[in-house]
file final-v1.cif (mmCIF, C-alpha atoms)
data_final
loop_
_atom_site.group_PDB
_atom_site.id
_atom_site.type_symbol
_atom_site.label_atom_id
_atom_site.label_comp_id
_atom_site.auth_asym_id
_atom_site.auth_seq_id
_atom_site.Cartn_x
_atom_site.Cartn_y
_atom_site.Cartn_z
ATOM 1 C CA MET A 2 -39.540 -6.051 32.077
ATOM 2 C CA THR A 3 -40.266 -9.597 30.923
ATOM 3 C CA ASP A 4 -43.795 -10.248 29.804
ATOM 4 C CA LEU A 5 -46.110 -12.974 31.009
ATOM 5 C CA ALA A 6 -45.289 -15.225 28.050
ATOM 6 C CA ASP A 7 -41.592 -15.142 28.950
ATOM 7 C CA ARG A 8 -42.299 -15.842 32.618
ATOM 8 C CA ARG A 9 -44.616 -18.753 31.897
ATOM 9 C CA GLY A 10 -42.491 -20.459 29.253
ATOM 10 C CA VAL A 11 -43.416 -21.477 25.750
ATOM 11 C CA ASN A 12 -46.870 -22.980 26.331
ATOM 12 C CA THR A 13 -49.476 -20.340 25.537
ATOM 13 C CA THR A 14 -52.548 -22.558 25.304
ATOM 14 C CA VAL A 15 -52.868 -24.993 28.261
ATOM 15 C CA TYR A 16 -51.947 -24.601 31.934
ATOM 16 C CA GLN A 17 -49.563 -27.358 33.004
ATOM 17 C CA PRO A 18 -49.333 -28.752 36.551
ATOM 18 C CA ALA A 19 -47.428 -26.635 39.063
ATOM 19 C CA GLU A 20 -47.284 -26.294 42.859
ATOM 20 C CA ASP A 21 -50.898 -25.169 43.037
ATOM 21 C CA SER A 22 -52.030 -28.214 41.027
ATOM 22 C CA GLY A 23 -50.129 -30.526 43.361
ATOM 23 C CA LEU A 24 -51.689 -28.908 46.414
ATOM 24 C CA LEU A 25 -55.224 -29.251 45.029
ATOM 25 C CA ALA A 26 -54.584 -32.880 44.061
ATOM 26 C CA LYS A 27 -53.210 -33.660 47.523
ATOM 27 C CA ALA A 28 -56.289 -32.168 49.179
ATOM 28 C CA ALA A 29 -58.757 -33.778 46.788
ATOM 29 C CA VAL A 30 -57.220 -37.264 46.948
ATOM 30 C CA SER A 31 -57.568 -37.192 50.728
ATOM 31 C CA ARG A 32 -61.271 -36.225 50.662
ATOM 32 C CA VAL A 33 -63.217 -37.137 47.532
ATOM 33 C CA SER A 34 -65.359 -40.088 46.546
ATOM 34 C CA GLY A 35 -68.456 -40.595 44.452
ATOM 35 C CA ARG A 36 -68.966 -38.302 41.461
ATOM 36 C CA VAL A 37 -66.358 -35.530 41.299
ATOM 37 C CA LEU A 38 -66.017 -32.535 38.990
ATOM 38 C CA GLU A 39 -62.716 -30.794 38.400
ATOM 39 C CA VAL A 40 -63.426 -27.304 37.041
ATOM 40 C CA GLY A 41 -60.664 -25.645 35.001
ATOM 41 C CA THR A 42 -58.843 -28.911 34.431
ATOM 42 C CA GLY A 43 -56.126 -27.527 32.133
ATOM 43 C CA SER A 44 -53.998 -30.499 31.132
ATOM 44 C CA GLY A 45 -56.153 -32.913 33.167
ATOM 45 C CA TRP A 46 -53.350 -33.740 35.597
ATOM 46 C CA VAL A 47 -55.433 -33.300 38.777
ATOM 47 C CA SER A 48 -58.227 -35.429 37.307
ATOM 48 C CA GLU A 49 -55.648 -38.091 36.470
ATOM 49 C CA GLN A 50 -54.460 -38.102 40.091
ATOM 50 C CA LEU A 51 -58.052 -38.540 41.272
ATOM 51 C CA VAL A 52 -58.582 -41.492 38.913
ATOM 52 C CA ARG A 53 -55.318 -43.153 39.929
ATOM 53 C CA LYS A 54 -55.609 -42.592 43.696
ATOM 54 C CA THR A 55 -59.348 -42.690 44.496
ATOM 55 C CA ASP A 56 -62.427 -44.602 43.436
ATOM 56 C CA ALA A 57 -64.144 -41.388 42.312
ATOM 57 C CA ASP A 58 -66.044 -41.125 39.031
ATOM 58 C CA VAL A 59 -64.298 -38.025 37.635
ATOM 59 C CA VAL A 60 -65.549 -35.417 35.188
ATOM 60 C CA ALA A 61 -63.113 -32.707 34.047
ATOM 61 C CA SER A 62 -64.205 -29.420 32.509
ATOM 62 C CA ASP A 63 -62.557 -26.371 31.011
ATOM 63 C CA LEU A 64 -63.563 -23.391 28.907
ATOM 64 C CA ASN A 65 -60.385 -23.706 26.827
ATOM 65 C CA PRO A 66 -60.803 -26.085 23.848
ATOM 66 C CA HIS A 67 -57.044 -26.793 23.809
ATOM 67 C CA ALA A 68 -57.188 -27.823 27.466
ATOM 68 C CA CYS A 69 -60.169 -30.084 26.770
ATOM 69 C CA ARG A 70 -58.256 -31.755 23.958
ATOM 70 C CA GLN A 71 -55.165 -32.278 26.134
ATOM 71 C CA ALA A 72 -57.233 -33.553 29.070
ATOM 72 C CA ALA A 73 -59.099 -35.953 26.758
ATOM 73 C CA GLU A 74 -55.753 -37.276 25.502
ATOM 74 C CA ARG A 75 -54.673 -37.826 29.113
ATOM 75 C CA ALA A 76 -57.948 -39.645 29.864
ATOM 76 C CA ALA A 77 -57.502 -41.829 26.768
ATOM 77 C CA ALA A 78 -53.941 -42.690 27.832
ATOM 78 C CA LEU A 79 -55.262 -43.761 31.242
ATOM 79 C CA ARG A 80 -57.778 -46.061 29.573
ATOM 80 C CA GLN A 81 -55.020 -47.568 27.419
ATOM 81 C CA GLU A 82 -53.182 -48.365 30.675
ATOM 82 C CA GLY A 83 -56.272 -50.153 31.963
ATOM 83 C CA GLU A 84 -57.397 -47.325 34.279
ATOM 84 C CA ARG A 85 -60.939 -45.925 34.293
ATOM 85 C CA GLY A 86 -60.114 -42.579 32.699
ATOM 86 C CA PHE A 87 -62.416 -39.581 33.058
ATOM 87 C CA GLN A 88 -64.975 -37.669 31.030
ATOM 88 C CA VAL A 89 -64.074 -34.238 29.610
ATOM 89 C CA VAL A 90 -66.660 -31.499 29.055
ATOM 90 C CA ARG A 91 -66.072 -28.075 27.553
ATOM 91 C CA GLY A 92 -67.909 -25.398 29.494
ATOM 92 C CA ASN A 93 -67.753 -22.319 31.664
ATOM 93 C CA LEU A 94 -67.418 -23.166 35.365
ATOM 94 C CA VAL A 95 -70.404 -25.351 36.364
ATOM 95 C CA SER A 96 -72.895 -24.125 33.736
ATOM 96 C CA PRO A 97 -73.062 -27.389 31.677
ATOM 97 C CA PHE A 98 -74.073 -29.517 34.668
ATOM 98 C CA ARG A 99 -77.391 -30.403 36.310
ATOM 99 C CA ASP A 100 -78.376 -29.486 39.846
ATOM 100 C CA ASP A 101 -77.210 -31.846 42.606
ATOM 101 C CA SER A 102 -74.866 -33.734 40.244
ATOM 102 C CA PHE A 103 -71.616 -33.991 42.217
ATOM 103 C CA ASP A 104 -70.380 -35.192 45.588
ATOM 104 C CA ALA A 105 -67.383 -32.880 45.249
ATOM 105 C CA VAL A 106 -66.122 -30.120 42.978
ATOM 106 C CA ALA A 107 -62.416 -29.205 42.863
ATOM 107 C CA PHE A 108 -61.123 -25.958 41.348
ATOM 108 C CA ASN A 109 -57.724 -24.333 40.919
ATOM 109 C CA PRO A 110 -58.989 -21.021 39.527
ATOM 110 C CA PRO A 111 -57.171 -18.297 37.662
ATOM 111 C CA TYR A 112 -56.189 -16.170 40.655
ATOM 112 C CA LEU A 113 -53.345 -13.849 39.702
ATOM 113 C CA PRO A 114 -54.327 -10.184 39.807
ATOM 114 C CA ALA A 115 -54.074 -8.716 36.304
ATOM 115 C CA ASP A 116 -50.835 -6.957 35.394
ATOM 116 C CA PRO A 117 -51.795 -4.377 32.752
ATOM 117 C CA ASP A 118 -48.162 -4.154 31.596
ATOM 118 C CA ALA A 119 -48.020 -7.872 30.838
ATOM 119 C CA GLU A 120 -51.526 -8.673 29.649
ATOM 120 C CA ARG A 121 -51.908 -10.814 26.552
ATOM 121 C CA ASP A 122 -54.970 -12.046 24.762
ATOM 122 C CA ASP A 123 -54.471 -15.814 24.761
ATOM 123 C CA TRP A 124 -55.684 -18.934 26.529
ATOM 124 C CA MET A 125 -52.846 -18.942 29.044
ATOM 125 C CA GLU A 126 -53.816 -15.464 30.175
ATOM 126 C CA THR A 127 -57.326 -16.809 30.727
ATOM 127 C CA ALA A 128 -55.900 -19.722 32.755
ATOM 128 C CA LEU A 129 -53.743 -17.545 34.997
ATOM 129 C CA THR A 130 -55.327 -14.150 35.469
ATOM 130 C CA GLY A 131 -58.296 -13.523 37.721
ATOM 131 C CA GLY A 132 -58.988 -9.916 36.822
ATOM 132 C CA GLU A 133 -57.982 -6.791 38.710
ATOM 133 C CA ASP A 134 -58.350 -8.319 42.190
ATOM 134 C CA GLY A 135 -57.706 -11.973 41.265
ATOM 135 C CA ARG A 136 -61.326 -12.956 41.993
ATOM 136 C CA ALA A 137 -63.052 -12.375 38.642
ATOM 137 C CA VAL A 138 -63.509 -16.148 38.224
ATOM 138 C CA ILE A 139 -63.548 -17.169 41.894
ATOM 139 C CA ASP A 140 -66.601 -15.040 42.740
ATOM 140 C CA PRO A 141 -68.855 -16.446 39.974
ATOM 141 C CA PHE A 142 -67.693 -19.948 40.884
ATOM 142 C CA LEU A 143 -68.665 -19.419 44.518
ATOM 143 C CA ASP A 144 -72.006 -17.996 43.406
ATOM 144 C CA ALA A 145 -72.782 -21.043 41.224
ATOM 145 C CA VAL A 146 -71.091 -24.152 42.629
ATOM 146 C CA GLY A 147 -73.693 -24.828 45.317
ATOM 147 C CA ARG A 148 -76.232 -25.584 42.581
ATOM 148 C CA VAL A 149 -74.333 -28.631 41.273
ATOM 149 C CA LEU A 150 -73.318 -30.053 44.654
ATOM 150 C CA LYS A 151 -75.364 -32.827 46.205
ATOM 151 C CA PRO A 152 -76.837 -31.897 49.613
ATOM 152 C CA ASP A 153 -73.824 -33.257 51.539
ATOM 153 C CA GLY A 154 -71.288 -32.309 48.859
ATOM 154 C CA GLU A 155 -68.297 -30.059 49.196
ATOM 155 C CA ALA A 156 -66.221 -27.792 47.008
ATOM 156 C CA LEU A 157 -62.434 -27.796 47.226
ATOM 157 C CA LEU A 158 -61.148 -24.378 46.197
ATOM 158 C CA LEU A 159 -57.518 -23.362 45.899
ATOM 159 C CA VAL A 160 -57.057 -19.793 47.154
ATOM 160 C CA SER A 161 -53.958 -17.605 46.884
ATOM 161 C CA SER A 162 -53.121 -14.859 49.332
ATOM 162 C CA LEU A 163 -52.701 -12.701 46.201
ATOM 163 C CA SER A 164 -56.472 -12.935 45.619
ATOM 164 C CA GLY A 165 -57.597 -11.563 48.974
ATOM 165 C CA TYR A 166 -58.088 -14.614 51.170
ATOM 166 C CA ASP A 167 -60.530 -12.899 53.545
ATOM 167 C CA ASP A 168 -62.570 -11.580 50.616
ATOM 168 C CA VAL A 169 -62.877 -15.124 49.253
ATOM 169 C CA LEU A 170 -64.040 -16.363 52.665
ATOM 170 C CA ASP A 171 -66.596 -13.543 52.852
ATOM 171 C CA ARG A 172 -67.983 -14.458 49.411
ATOM 172 C CA ALA A 173 -68.127 -18.154 50.349
ATOM 173 C CA GLU A 174 -69.990 -17.346 53.578
ATOM 174 C CA ALA A 175 -72.380 -15.037 51.676
ATOM 175 C CA ASN A 176 -73.229 -18.075 49.526
ATOM 176 C CA GLY A 177 -73.997 -20.179 52.597
ATOM 177 C CA PHE A 178 -70.731 -22.119 52.796
ATOM 178 C CA SER A 179 -68.807 -22.924 55.927
ATOM 179 C CA HIS A 180 -65.097 -23.501 55.376
ATOM 180 C CA GLU A 181 -62.252 -25.657 56.579
ATOM 181 C CA VAL A 182 -58.567 -25.386 55.664
ATOM 182 C CA VAL A 183 -57.556 -28.729 54.164
ATOM 183 C CA VAL A 184 -53.943 -27.923 53.311
ATOM 184 C CA GLN A 185 -51.824 -24.775 53.142
ATOM 185 C CA GLU A 186 -48.323 -24.011 51.895
ATOM 186 C CA SER A 187 -46.320 -20.804 51.870
ATOM 187 C CA TYR A 188 -44.043 -19.703 49.053
ATOM 188 C CA PRO A 189 -41.844 -16.607 48.785
ATOM 189 C CA PHE A 190 -44.557 -14.460 47.169
ATOM 190 C CA GLU A 191 -47.819 -16.094 48.234
ATOM 191 C CA THR A 192 -49.566 -18.557 50.497
ATOM 192 C CA LEU A 193 -51.739 -21.199 48.832
ATOM 193 C CA THR A 194 -54.654 -22.735 50.696
ATOM 194 C CA VAL A 195 -57.150 -25.396 49.693
ATOM 195 C CA LEU A 196 -60.475 -24.740 51.370
ATOM 196 C CA ALA A 197 -63.227 -27.303 51.815
ATOM 197 C CA LEU A 198 -66.553 -25.497 51.441
ATOM 198 C CA LYS A 199 -69.750 -27.168 52.663
#

call {"tool": "encode", "arguments": {"input": "final-v1.cif", "output": "structure tokens"}}
result
Amino acid sequence: MTDLADRRGVNTTVYQPAEDSGLLAKAAVSRVSGRVLEVGTGSGWVSEQLVRKTDADVVASDLNPHACRQAAERAAALRQEGERGFQVVRGNLVSPFRDDSFDAVAFNPPYLPADPDAERDDWMETALTGGEDGRAVIDPFLDAVGRVLKPDGEALLLVSSLSGYDDVLDRAEANGFSHEVVVQESYPFETLTVLALK
């Protein structure tokens, strides 16, 4: 059996854009304005799309120092091109930010259920794996994100069918959020949905 490192390629430090990133960017570009936080930015690609295609003031955050470095390089390259760029903050989920700080928060969380036979102890594992049920990062995000949203703000959360879609909705509702499906795509092994949570 191939291990996770073989399946994900050679990069073992920073998550690079894939189908899920594109779906989140598509949803966010169509909805965001004002001050926007992208949690778990990885390479900063989604934040770059927001800067290029909206007038949003974008802040990108990640727990991974390698991701923060790569995202900061992407933001600097945007500025060199004459674009606005974006700020990069290292932190866990929304913990570094003040209450009522953002009009929108976008998040493509680690959502793959853990595979004990392929687990590794590296940053890419952190970026991909959401614990036993795929919701080990989603649940704390849902519990905390309301604090940093402005009163009329919304969170855009990418959810995989592998993570228990209905369980995610239940947790969102338990935290006082209503939900709307912004965009959804099906793939051979999963369905990806971006939810707008208000």

call {"tool": "residues_around", "arguments": {"input": "final-v1.cif", "residues": "Ala19 (chain A)", "least_positions_apart": "4", "cutoff": "10 Å", "atoms": "all atoms listed in the file", "output": "PyMOL selection string"}}
result
chain A and resi 23-24+46

call {"tool": "residues_around", "arguments": {"input": "final-v1.cif", "residues": "region 193-198 of chain A", "least_positions_apart": "5", "cutoff": "8 Å", "atoms": "all atoms listed in the file", "output": "list in words"}}
result
Asp21, Leu24, Leu25, Ala28, Glu155, Ala156, Leu157, Leu158, Leu159, Val160, Ser161, Ser162, Ala173, Phe178, Ser179, His180, Glu181, Val182, Val183, Val184, Gln185, Glu186, Ser187 and Tyr188 of chain A

call {"tool": "residues_around", "arguments": {"input": "final-v1.cif", "residues": "Leu51 (chain A)", "least_positions_apart": "5", "cutoff": "10 Å", "atoms": "only C-alpha atoms", "output": "list in words"}}
result
Ala26, Lys27, Ala29, Val30, Ser31, Val33, Ser34, Val37, Glu39, Trp46, Asp56, Ala57, Asp58, Val59, Gly86 and Phe87 of chain A

call {"tool": "closest_residue", "arguments": {"input": "final-v1.cif", "among": "A:Ser102, A:Asn109, A:Gln88, A:Gln50", "to": "Tyr16 (chain A)", "atoms": "all atoms listed in the file"}}
result
A:Asn109

call {"tool": "resolve_selection", "arguments": {"input": "final-v1.cif", "expression": "the PyMOL selection byres ((chain A and resi 147) around 12)", "output": "PDB file with C-alpha atoms, keeping the file's coordinate frame"}}
result
ATOM      1  CA  LEU A  94     -67.418 -23.166  35.365  1.00  0.00           C
ATOM      2  CA  VAL A  95     -70.404 -25.351  36.364  1.00  0.00           C
ATOM      3  CA  SER A  96     -72.895 -24.125  33.736  1.00  0.00           C
ATOM      4  CA  PHE A  98     -74.073 -29.517  34.668  1.00  0.00           C
ATOM      5  CA  ARG A  99     -77.391 -30.403  36.310  1.00  0.00           C
ATOM      6  CA  ASP A 100     -78.376 -29.486  39.846  1.00  0.00           C
ATOM      7  CA  ASP A 101     -77.210 -31.846  42.606  1.00  0.00           C
ATOM      8  CA  SER A 102     -74.866 -33.734  40.244  1.00  0.00           C
ATOM      9  CA  PHE A 103     -71.616 -33.991  42.217  1.00  0.00           C
ATOM     10  CA  ASP A 104     -70.380 -35.192  45.588  1.00  0.00           C
ATOM     11  CA  ALA A 105     -67.383 -32.880  45.249  1.00  0.00           C
ATOM     12  CA  VAL A 106     -66.122 -30.120  42.978  1.00  0.00           C
ATOM     13  CA  PRO A 141     -68.855 -16.446  39.974  1.00  0.00           C
ATOM     14  CA  PHE A 142     -67.693 -19.948  40.884  1.00  0.00           C
ATOM     15  CA  LEU A 143     -68.665 -19.419  44.518  1.00  0.00           C
ATOM     16  CA  ASP A 144     -72.006 -17.996  43.406  1.00  0.00           C
ATOM     17  CA  ALA A 145     -72.782 -21.043  41.224  1.00  0.00           C
ATOM     18  CA  VAL A 146     -71.091 -24.152  42.629  1.00  0.00           C
ATOM     19  CA  ARG A 148     -76.232 -25.584  42.581  1.00  0.00           C
ATOM     20  CA  VAL A 149     -74.333 -28.631  41.273  1.00  0.00           C
ATOM     21  CA  LEU A 150     -73.318 -30.053  44.654  1.00  0.00           C
ATOM     22  CA  LYS A 151     -75.364 -32.827  46.205  1.00  0.00           C
ATOM     23  CA  PRO A 152     -76.837 -31.897  49.613  1.00  0.00           C
ATOM     24  CA  ASP A 153     -73.824 -33.257  51.539  1.00  0.00           C
ATOM     25  CA  GLY A 154     -71.288 -32.309  48.859  1.00  0.00           C
ATOM     26  CA  GLU A 155     -68.297 -30.059  49.196  1.00  0.00           C
ATOM     27  CA  ALA A 156     -66.221 -27.792  47.008  1.00  0.00           C
ATOM     28  CA  LEU A 157     -62.434 -27.796  47.226  1.00  0.00           C
ATOM     29  CA  ALA A 173     -68.127 -18.154  50.349  1.00  0.00           C
ATOM     30  CA  GLU A 174     -69.990 -17.346  53.578  1.00  0.00           C
ATOM     31  CA  ALA A 175     -72.380 -15.037  51.676  1.00  0.00           C
ATOM     32  CA  ASN A 176     -73.229 -18.075  49.526  1.00  0.00           C
ATOM     33  CA  GLY A 177     -73.997 -20.179  52.597  1.00  0.00           C
ATOM     34  CA  PHE A 178     -70.731 -22.119  52.796  1.00  0.00           C
ATOM     35  CA  SER A 179     -68.807 -22.924  55.927  1.00  0.00           C
ATOM     36  CA  LEU A 198     -66.553 -25.497  51.441  1.00  0.00           C
ATOM     37  CA  LYS A 199     -69.750 -27.168  52.663  1.00  0.00           C
TER      38      LYS A 199
END

call {"tool": "resolve_selection", "arguments": {"input": "final-v1.cif", "expression": "the PyMOL selection byres ((chain A and resi 92) around 12)", "output": "PyMOL selection string"}}
result
chain A and resi 39-42+60-66+68-69+89-91+93-98

call {"tool": "write_last_selection", "arguments": {"input": "final-v1.cif", "atoms": "C-alpha atoms", "output": "PDB file, in the frame of the given file"}}
result
ATOM      1  CA  GLU A  39     -62.716 -30.794  38.400  1.00  0.00           C
ATOM      2  CA  VAL A  40     -63.426 -27.304  37.041  1.00  0.00           C
ATOM      3  CA  GLY A  41     -60.664 -25.645  35.001  1.00  0.00           C
ATOM      4  CA  THR A  42     -58.843 -28.911  34.431  1.00  0.00           C
ATOM      5  CA  VAL A  60     -65.549 -35.417  35.188  1.00  0.00           C
ATOM      6  CA  ALA A  61     -63.113 -32.707  34.047  1.00  0.00           C
ATOM      7  CA  SER A  62     -64.205 -29.420  32.509  1.00  0.00           C
ATOM      8  CA  ASP A  63     -62.557 -26.371  31.011  1.00  0.00           C
ATOM      9  CA  LEU A  64     -63.563 -23.391  28.907  1.00  0.00           C
ATOM     10  CA  ASN A  65     -60.385 -23.706  26.827  1.00  0.00           C
ATOM     11  CA  PRO A  66     -60.803 -26.085  23.848  1.00  0.00           C
ATOM     12  CA  ALA A  68     -57.188 -27.823  27.466  1.00  0.00           C
ATOM     13  CA  CYS A  69     -60.169 -30.084  26.770  1.00  0.00           C
ATOM     14  CA  VAL A  89     -64.074 -34.238  29.610  1.00  0.00           C
ATOM     15  CA  VAL A  90     -66.660 -31.499  29.055  1.00  0.00           C
ATOM     16  CA  ARG A  91     -66.072 -28.075  27.553  1.00  0.00           C
ATOM     17  CA  ASN A  93     -67.753 -22.319  31.664  1.00  0.00           C
ATOM     18  CA  LEU A  94     -67.418 -23.166  35.365  1.00  0.00           C
ATOM     19  CA  VAL A  95     -70.404 -25.351  36.364  1.00  0.00           C
ATOM     20  CA  SER A  96     -72.895 -24.125  33.736  1.00  0.00           C
ATOM     21  CA  PRO A  97     -73.062 -27.389  31.677  1.00  0.00           C
ATOM     22  CA  PHE A  98     -74.073 -29.517  34.668  1.00  0.00           C
TER      23      PHE A  98
END

call {"tool": "atom_distance", "arguments": {"input": "final-v1.cif", "atom1": "CA of Arg36 (chain A)", "atom2": "CA of Tyr166 (chain A)"}}
result
27.8 Å

call {"tool": "atom_distance", "arguments": {"input": "final-v1.cif", "atom1": "CA of Asp140 (chain A)", "atom2": "CA of Val52 (chain A)"}}
result
27.9 Å

call {"tool": "atom_distance", "arguments": {"input": "final-v1.cif", "atom1": "CA of Arg70 (chain A)", "atom2": "CA of Gly135 (chain A)"}}
result
26.3 Å

call {"tool": "axis_aligned_box", "arguments": {"input": "final-v1.cif", "around": "region 146-154 of chain A", "padding_each_side": "3 Å", "output": "lines of an AutoDock Vina configuration file"}}
result
center_x = -74.0
center_y = -28.7
center_z = 46.4
size_x = 11.7
size_y = 15.1
size_z = 16.3

call {"tool": "closest_residue", "arguments": {"input": "final-v1.cif", "among": "A:His67, A:Arg32, A:Phe108, A:Arg172", "to": "Lys54 (chain A)", "atoms": "only C-alpha atoms"}}
result
A:Arg32

call {"tool": "closest_residue", "arguments": {"input": "final-v1.cif", "among": "A:Ala72, A:Ile139, A:Ala78, A:Leu163", "to": "Ala115 (chain A)", "atoms": "all atoms listed in the file"}}
result
A:Leu163

call {"tool": "closest_residue", "arguments": {"input": "final-v1.cif", "among": "A:Ala73, A:Gly43, A:Leu170, A:Glu191", "to": "Pro111 (chain A)", "atoms": "only C-alpha atoms"}}
result
A:Gly43

call {"tool": "closest_residue", "arguments": {"input": "final-v1.cif", "among": "A:Ala137, A:Glu82, A:Glu74, A:Arg53", "to": "Val169 (chain A)", "atoms": "only C-alpha atoms"}}
result
A:Ala137

call {"tool": "build_atoms", "arguments": {"input": "final-v1.cif", "residues": "region 132-150 of chain A", "atoms": "N, CA, C and O atoms", "output": "PDB file, in the frame of the given file"}}
result
ATOM      1  N   GLY A 132     -58.497 -11.289  36.816  1.00  0.00           N
ATOM      2  CA  GLY A 132     -58.988  -9.916  36.822  1.00  0.00           C
ATOM      3  C   GLY A 132     -58.198  -9.019  37.756  1.00  0.00           C
ATOM      4  O   GLY A 132     -57.172  -9.407  38.310  1.00  0.00           O
ATOM      5  N   GLU A 133     -58.694  -7.820  37.940  1.00  0.00           N
ATOM      6  CA  GLU A 133     -57.982  -6.791  38.710  1.00  0.00           C
ATOM      7  C   GLU A 133     -57.635  -7.236  40.133  1.00  0.00           C
ATOM      8  O   GLU A 133     -56.549  -6.990  40.624  1.00  0.00           O
ATOM      9  N   ASP A 134     -58.583  -7.911  40.802  1.00  0.00           N
ATOM     10  CA  ASP A 134     -58.350  -8.319  42.190  1.00  0.00           C
ATOM     11  C   ASP A 134     -58.037  -9.807  42.338  1.00  0.00           C
ATOM     12  O   ASP A 134     -57.874 -10.306  43.451  1.00  0.00           O
ATOM     13  N   GLY A 135     -57.980 -10.545  41.218  1.00  0.00           N
ATOM     14  CA  GLY A 135     -57.706 -11.973  41.265  1.00  0.00           C
ATOM     15  C   GLY A 135     -58.944 -12.828  41.513  1.00  0.00           C
ATOM     16  O   GLY A 135     -58.848 -14.048  41.582  1.00  0.00           O
ATOM     17  N   ARG A 136     -60.121 -12.204  41.650  1.00  0.00           N
ATOM     18  CA  ARG A 136     -61.326 -12.956  41.993  1.00  0.00           C
ATOM     19  C   ARG A 136     -62.407 -12.919  40.909  1.00  0.00           C
ATOM     20  O   ARG A 136     -63.552 -13.308  41.153  1.00  0.00           O
ATOM     21  N   ALA A 137     -62.055 -12.498  39.716  1.00  0.00           N
ATOM     22  CA  ALA A 137     -63.052 -12.375  38.642  1.00  0.00           C
ATOM     23  C   ALA A 137     -63.656 -13.715  38.240  1.00  0.00           C
ATOM     24  O   ALA A 137     -64.765 -13.757  37.700  1.00  0.00           O
ATOM     25  N   VAL A 138     -62.972 -14.813  38.508  1.00  0.00           N
ATOM     26  CA  VAL A 138     -63.509 -16.148  38.224  1.00  0.00           C
ATOM     27  C   VAL A 138     -63.924 -16.836  39.524  1.00  0.00           C
ATOM     28  O   VAL A 138     -64.901 -17.582  39.553  1.00  0.00           O
ATOM     29  N   ILE A 139     -63.230 -16.555  40.602  1.00  0.00           N
ATOM     30  CA  ILE A 139     -63.548 -17.169  41.894  1.00  0.00           C
ATOM     31  C   ILE A 139     -64.951 -16.779  42.350  1.00  0.00           C
ATOM     32  O   ILE A 139     -65.733 -17.629  42.780  1.00  0.00           O
ATOM     33  N   ASP A 140     -65.292 -15.493  42.259  1.00  0.00           N
ATOM     34  CA  ASP A 140     -66.601 -15.040  42.740  1.00  0.00           C
ATOM     35  C   ASP A 140     -67.762 -15.710  41.998  1.00  0.00           C
ATOM     36  O   ASP A 140     -68.682 -16.236  42.642  1.00  0.00           O
ATOM     37  N   PRO A 141     -67.755 -15.743  40.657  1.00  0.00           N
ATOM     38  CA  PRO A 141     -68.855 -16.446  39.974  1.00  0.00           C
ATOM     39  C   PRO A 141     -68.894 -17.943  40.289  1.00  0.00           C
ATOM     40  O   PRO A 141     -69.976 -18.544  40.348  1.00  0.00           O
ATOM     41  N   PHE A 142     -67.725 -18.542  40.490  1.00  0.00           N
ATOM     42  CA  PHE A 142     -67.693 -19.948  40.884  1.00  0.00           C
ATOM     43  C   PHE A 142     -68.395 -20.136  42.222  1.00  0.00           C
ATOM     44  O   PHE A 142     -69.255 -21.020  42.372  1.00  0.00           O
ATOM     45  N   LEU A 143     -68.045 -19.303  43.197  1.00  0.00           N
ATOM     46  CA  LEU A 143     -68.665 -19.419  44.518  1.00  0.00           C
ATOM     47  C   LEU A 143     -70.172 -19.167  44.451  1.00  0.00           C
ATOM     48  O   LEU A 143     -70.939 -19.778  45.202  1.00  0.00           O
ATOM     49  N   ASP A 144     -70.584 -18.284  43.563  1.00  0.00           N
ATOM     50  CA  ASP A 144     -72.006 -17.996  43.406  1.00  0.00           C
ATOM     51  C   ASP A 144     -72.768 -19.165  42.787  1.00  0.00           C
ATOM     52  O   ASP A 144     -73.973 -19.303  43.005  1.00  0.00           O
ATOM     53  N   ALA A 145     -72.095 -20.007  42.007  1.00  0.00           N
ATOM     54  CA  ALA A 145     -72.782 -21.043  41.224  1.00  0.00           C
ATOM     55  C   ALA A 145     -72.559 -22.469  41.696  1.00  0.00           C
ATOM     56  O   ALA A 145     -73.393 -23.338  41.433  1.00  0.00           O
ATOM     57  N   VAL A 146     -71.461 -22.756  42.372  1.00  0.00           N
ATOM     58  CA  VAL A 146     -71.091 -24.152  42.629  1.00  0.00           C
ATOM     59  C   VAL A 146     -72.088 -24.875  43.526  1.00  0.00           C
ATOM     60  O   VAL A 146     -72.304 -26.083  43.375  1.00  0.00           O
ATOM     61  N   GLY A 147     -72.727 -24.183  44.430  1.00  0.00           N
ATOM     62  CA  GLY A 147     -73.693 -24.828  45.317  1.00  0.00           C
ATOM     63  C   GLY A 147     -74.819 -25.520  44.562  1.00  0.00           C
ATOM     64  O   GLY A 147     -75.356 -26.534  45.014  1.00  0.00           O
ATOM     65  N   ARG A 148     -75.160 -25.009  43.389  1.00  0.00           N
ATOM     66  CA  ARG A 148     -76.232 -25.584  42.581  1.00  0.00           C
ATOM     67  C   ARG A 148     -75.924 -27.014  42.144  1.00  0.00           C
ATOM     68  O   ARG A 148     -76.803 -27.868  42.111  1.00  0.00           O
ATOM     69  N   VAL A 149     -74.670 -27.305  41.808  1.00  0.00           N
ATOM     70  CA  VAL A 149     -74.333 -28.631  41.273  1.00  0.00           C
ATOM     71  C   VAL A 149     -73.899 -29.626  42.345  1.00  0.00           C
ATOM     72  O   VAL A 149     -73.744 -30.807  42.060  1.00  0.00           O
ATOM     73  N   LEU A 150     -73.701 -29.146  43.571  1.00  0.00           N
ATOM     74  CA  LEU A 150     -73.318 -30.053  44.654  1.00  0.00           C
ATOM     75  C   LEU A 150     -74.530 -30.791  45.197  1.00  0.00           C
ATOM     76  O   LEU A 150     -75.605 -30.208  45.371  1.00  0.00           O
TER      77      LEU A 150
END
